[in-house]
Amino acid sequence: MRIGTWNMERLSRGTSNAGHYDEAIRALQTDLIVVTEPGSGFIDRYPEALCSPPQRPSSHGAESWIALVGQDLEATTLELPYNRLAVAAQTVILGQPVAIYGSVLPWNAARSQAPDVYGEEEIPLEELFRRAITAQVADVKSLQNHFGIHNVFWAGDFNHPLVGPLSGFSKAARELIADSLESLGMRAFNQEAANSSSGACTIDLICGSVEHDVVNSETLAPRLGDKPLSDHNAYVIDVRWPLA
């Protein structure tokens, strides 16, 4: 199964270039992709996508934080409020029932850049992050209980790397991500992939059961001419289910 994630940075090259972003997504040829910060008009271009509640303020109208794109996606029974910054979907791939959970976790400037989500309390980033990831882990655990641990995947913008240099990131957040994945019996398949920032490892993670085999991993930087379409790389992994 081929899974991807990409932070589109809200179409930073402008809505007139939406077609280039869409072409980049198609070129990844994924069975499932978690698109974070998909930007204005995404659901109009991808009516089959499942998106988090479209309540993020923007100059182009309300947006979603996350979109899931894949074949025959259906909503799960999870009820996810806007401030969870998450969305979940289910489908069948290669005869396997699959659930995908896409999310965004707090970043260093989360309170100032997303005050409608994080700005109400003056609390340390570590506590902000702990609250957010605790709620998301509970969601993923619920999906595992329903679909089975091998059939649940979690991907999106975790906003802190699991390995490599920590400059500009939070050590406490890294530890919370690692502990959370361990508690779920998961690992980040692409944790050593390069961030678009030189020297750092990715903050956009694709996670699943520790028993899955990764048969291919790709890091791509979709471009428009000589300029990247986003300040995030796109990531794709191919996984194989463990033998019964």
# chains A, B, ... in the order shown; residues from 1 in each chain; ligands from 1
call {"tool": "select_by_dssp", "arguments": {"residues": "segment 178-229 of chain A", "states": "strand (DSSP E or B)", "output": "ChimeraX atom specification"}}
result
/A:186-188,194,201,204-209,213-220,223-224,227-228
call {"tool": "write_last_selection", "arguments": {"atoms": "C-alpha atoms", "output": "CSV table (one decimal), in the first residue's frame"}}
result
chain,number,residue,atom,x,y,z
A,186,MET,CA,3.5,2.3,15.9
A,187,ARG,CA,6.6,3.7,14.3
A,188,ALA,CA,7.3,6.6,12.0
A,194,ALA,CA,15.1,15.0,5.0
A,201,CYS,CA,14.8,15.6,9.5
A,204,ASP,CA,5.8,15.3,8.3
A,205,LEU,CA,5.5,11.8,9.5
A,206,ILE,CA,3.8,8.6,8.2
A,207,CYS,CA,3.2,6.1,11.0
A,208,GLY,CA,1.9,2.6,11.3
A,209,SER,CA,2.4,-0.7,13.0
A,213,ASP,CA,7.7,-3.7,6.2
A,214,VAL,CA,8.7,-0.6,4.3
A,215,VAL,CA,9.6,-1.6,0.8
A,216,ASN,CA,10.1,1.9,-0.6
A,217,SER,CA,10.4,5.4,0.8
A,218,GLU,CA,10.5,8.7,-1.2
A,219,THR,CA,11.1,12.3,-0.4
A,220,LEU,CA,10.1,14.8,-3.1
A,223,ARG,CA,8.3,22.7,-7.8
A,224,LEU,CA,6.9,25.4,-10.0
A,227,LYS,CA,10.8,27.5,-6.9
A,228,PRO,CA,9.3,24.9,-4.5
call {"tool": "residues_around", "arguments": {"residues": "segment 78-83 of chain A", "least_positions_apart": "6", "cutoff": "12 Å", "atoms": "only C-alpha atoms", "output": "JSON, numbers by chain"}}
result
{"A": [51, 52, 53, 54, 55, 56, 57, 62, 63, 64, 65, 66, 89, 90, 99, 100, 101, 102, 103, 104, 105, 106, 114, 115, 116, 117, 118, 119, 120, 131, 132, 135, 136, 138, 139, 140, 141, 142, 143, 146]}
call {"tool": "residues_around", "arguments": {"residues": "segment 36-48 of chain A", "least_positions_apart": "5", "cutoff": "10 Å", "atoms": "only C-alpha atoms", "output": "number ranges by chain"}}
result
A: 5-12, 14-15, 18-19, 21-22, 54, 56, 58-74, 85-86, 102-104, 155-157, 204
call {"tool": "closest_residue", "arguments": {"among": "A:Gln29, A:His212, A:Glu121, A:Ile203", "to": "Asp231 of chain A", "atoms": "only C-alpha atoms"}}
result
A:Ile203
call {"tool": "residues_around", "arguments": {"residues": "Ser198 of chain A", "least_positions_apart": "5", "cutoff": "12 Å", "atoms": "only C-alpha atoms", "output": "PyMOL selection string"}}
result
chain A and resi 164-165+167+193+231-233
call {"tool": "atom_distance", "arguments": {"atom1": "atom CA of Arg26 of chain A", "atom2": "atom CA of Arg240 of chain A"}}
result
21.7 Å
call {"tool": "residues_around", "arguments": {"residues": "Ser170 of chain A", "least_positions_apart": "4", "cutoff": "9 Å", "atoms": "only C-alpha atoms", "output": "VMD selection string"}}
result
chain A and resid 107 to 108 125 to 126 160 to 161 166 174 to 175
call {"tool": "residues_around", "arguments": {"residues": "Pro97 of chain A", "least_positions_apart": "4", "cutoff": "7 Å", "atoms": "only C-alpha atoms", "output": "NGL selection string"}}
result
:A and (91-93 or 147 or 151)
call {"tool": "closest_residue", "arguments": {"among": "A:Ile237, A:Ala24, A:Met1, A:Ala172", "to": "Leu94 of chain A", "atoms": "only C-alpha atoms"}}
result
A:Met1
call {"tool": "atom_distance", "arguments": {"atom1": "atom CA of Ile149 of chain A", "atom2": "atom CA of Leu184 of chain A"}}
result
8.1 Å
call {"tool": "atom_distance", "arguments": {"atom1": "atom CA of Val210 of chain A", "atom2": "atom CA of Gly185 of chain A"}}
result
6.0 Å
